[in-house]
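J.: Structure file coords-v9.txt (compact mmCIF, C-alpha atoms and all ligand atoms) right here:
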```txt
# COMPACT_ATOMS: atom_id res chain seq x y z
CA MET A 1 -54.72 101.01 -69.66
CA GLN A 2 -57.86 100.12 -71.56
CA ILE A 3 -60.71 98.00 -70.29
CA PRO A 4 -62.94 97.39 -73.34
CA PHE A 5 -65.57 95.28 -71.60
CA LEU A 6 -66.58 98.05 -69.24
CA PRO A 7 -69.39 99.98 -70.94
CA PHE A 8 -68.66 103.25 -69.12
CA TRP A 9 -65.06 103.20 -70.25
CA HIS A 10 -64.35 105.72 -72.92
CA PRO A 11 -60.95 105.57 -74.69
CA LYS A 12 -60.61 109.34 -74.57
CA THR A 13 -60.84 109.56 -70.83
CA LYS A 14 -58.09 109.46 -68.28
CA SER A 15 -58.17 109.11 -64.55
CA CYS A 16 -56.95 111.86 -62.32
CA GLU A 17 -53.78 111.01 -60.46
CA ARG A 18 -54.92 112.91 -57.43
CA CYS A 19 -58.56 111.97 -56.96
CA GLY A 20 -59.16 109.08 -59.38
CA PHE A 21 -61.92 110.90 -61.23
CA TYR A 22 -62.37 110.05 -64.94
CA PHE A 23 -62.47 112.99 -67.30
CA GLU A 24 -61.86 113.83 -70.92
CA GLU A 25 -58.28 113.51 -72.04
CA LYS A 26 -58.36 116.82 -73.87
CA LYS A 27 -58.98 118.63 -70.60
CA GLU A 28 -55.71 119.44 -68.97
CA GLU A 29 -57.01 119.76 -65.47
CA CYS A 30 -59.27 117.50 -63.52
CA PRO A 31 -62.61 119.30 -63.21
CA ARG A 32 -63.22 117.72 -59.87
CA CYS A 33 -60.13 118.51 -57.86
CA LYS A 34 -58.61 121.48 -59.60
CA GLY A 35 -58.14 124.27 -57.12
CA LEU A 36 -58.30 121.88 -54.19
CA ASP A 37 -55.34 121.32 -51.93
CA GLU A 38 -54.21 117.90 -50.68
CA LYS A 39 -56.29 118.12 -47.52
CA GLN A 40 -59.46 118.96 -49.40
CA ILE A 41 -58.90 116.05 -51.78
CA GLU A 42 -58.36 113.76 -48.82
CA ALA A 43 -61.64 114.95 -47.29
CA LEU A 44 -63.39 114.44 -50.63
CA LEU A 45 -62.12 110.88 -50.95
CA THR A 46 -62.95 110.04 -47.34
CA GLU A 47 -66.47 111.34 -47.82
CA GLU A 48 -66.82 109.30 -50.97
CA SER A 49 -65.64 106.05 -49.43
CA GLU A 50 -68.16 106.61 -46.63
CA ILE A 51 -70.92 107.04 -49.21
CA ALA A 52 -69.75 103.88 -51.01
CA GLU A 53 -69.85 102.02 -47.70
CA ALA A 54 -73.38 103.26 -46.98
CA ASN A 55 -74.42 102.17 -50.47
CA SER A 56 -73.01 98.69 -49.97
CA ASN A 57 -74.97 98.43 -46.72
CA LEU A 58 -78.05 99.48 -48.66
CA GLY A 59 -77.24 96.75 -51.17
CA TRP A 60 -77.28 94.11 -48.43
CA LEU A 61 -80.57 95.47 -47.14
CA PHE A 62 -82.00 95.17 -50.63
CA ILE A 63 -80.82 91.55 -50.93
CA PHE A 64 -82.33 90.83 -47.52
CA PHE A 65 -85.72 92.20 -48.52
CA ALA A 66 -85.60 90.45 -51.88
CA ALA A 67 -84.95 87.16 -50.07
CA LEU A 68 -87.76 87.92 -47.62
CA ILE A 69 -90.21 88.62 -50.43
CA ALA A 70 -89.10 85.47 -52.25
CA LEU A 71 -89.74 83.46 -49.06
CA LEU A 72 -93.18 85.03 -48.67
CA LEU A 73 -94.05 84.21 -52.25
CA LEU A 74 -92.83 80.63 -51.84
CA SER A 75 -94.89 80.12 -48.68
CA TYR A 76 -98.14 80.64 -50.59
ZN ZN A 101 -58.80 115.05 -59.74
```
Please express the file's structure as C-alpha cells.
Ligand SMILES: [Zn+2]
T.:
Amino acid sequence: MQIPFLPFWHPKTKSCERCGFYFEEKKEECPRCKGLDEKQIEALLTEESEIAEANSNLGWLFIFFAALIALLLLSY
C-alpha cells in the first residue's frame, strides 16, 4: 500500500507485521522488535498507546490555553 500524500512515507519502507514499526525494506528484520518475544512486543505497544494517549491529552491542554490566550487578547 502506498500513501503518496503523507510526507513521511517512503516507498522503500515497510511496516512490521508484529509491531507496526516502519523500516527500510532492504532490512530483513524489524530493528525495533527483533529479539523480542510476543509478550515484550505487547508491553511495548501498550506503553506506546499510553504515551499517545498522554500526548493527545497534552494536545487538548494546548488548545485550551490557546483559546484562553485568544480570549485574553480579544478582551483588550
Ligand atoms: Zn517490529
J.: Grab me every residue within 8 Å of ligand ZN 101 (chain A), counting all atoms listed in the file, and send it over as a PDB file with C-alpha atoms, in the coordinates of the input.
T.:
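The result, stored in out18.pdb:
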```
ATOM      1  CA  SER A  15     -58.170 109.110 -64.550  1.00  0.00           C
ATOM      2  CA  CYS A  16     -56.950 111.860 -62.320  1.00  0.00           C
ATOM      3  CA  GLU A  17     -53.780 111.010 -60.460  1.00  0.00           C
ATOM      4  CA  ARG A  18     -54.920 112.910 -57.430  1.00  0.00           C
ATOM      5  CA  CYS A  19     -58.560 111.970 -56.960  1.00  0.00           C
ATOM      6  CA  GLY A  20     -59.160 109.080 -59.380  1.00  0.00           C
ATOM      7  CA  PHE A  21     -61.920 110.900 -61.230  1.00  0.00           C
ATOM      8  CA  GLU A  29     -57.010 119.760 -65.470  1.00  0.00           C
ATOM      9  CA  CYS A  30     -59.270 117.500 -63.520  1.00  0.00           C
ATOM     10  CA  PRO A  31     -62.610 119.300 -63.210  1.00  0.00           C
ATOM     11  CA  ARG A  32     -63.220 117.720 -59.870  1.00  0.00           C
ATOM     12  CA  CYS A  33     -60.130 118.510 -57.860  1.00  0.00           C
ATOM     13  CA  LYS A  34     -58.610 121.480 -59.600  1.00  0.00           C
TER      14      LYS A  34
END
```
J.: Report the distance between atom CA of Lys12 of chain A and atom CA of Glu24 of chain A in Å, rounded to one decimal place.
T.: 5.9 Å
J.: Rounded to one decimal, what separation in Å do you get between atom CA of Glu42 of chain A and atom CA of Ala54 of chain A?
T.: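 Interatomic distance here is 18.4 Å.
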J.: Would you work out the distance separating atom CA of Ser56 of chain A from atom CA of Asp37 of chain A, expressed in Å to one decimal?
T.: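 Distance reported for this atom pair: 28.8 Å.
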J.: Out of A:Glu25, A:Glu48, A:Asn55, A:Ala67, which residue has the shortest atom-to-atom distance to Thr13 of chain A when counting only C-alpha atoms?
T.: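 Counting only C-alpha atoms, the residue closest to Thr13 of chain A is A:Glu25.
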J.: Once 6 Å is added on each side, what centre and edge lengths in Å to one decimal does the axis-aligned box around all listed atoms of segment 55-74 of chain A have, as JSON?
T.:
```
{"center_x": -83.5, "center_y": 91.4, "center_z": -49.5, "size_x": 33.0, "size_y": 33.5, "size_z": 17.5}
```
J.: Considering all atoms listed in the file, state which residue in the set A:Lys14, A:Ile41, A:Thr46, A:Leu68 is at the smallest distance from Glu28 of chain A.
T.: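 Of all the options, A:Lys14 lies closest to Glu28 of chain A.
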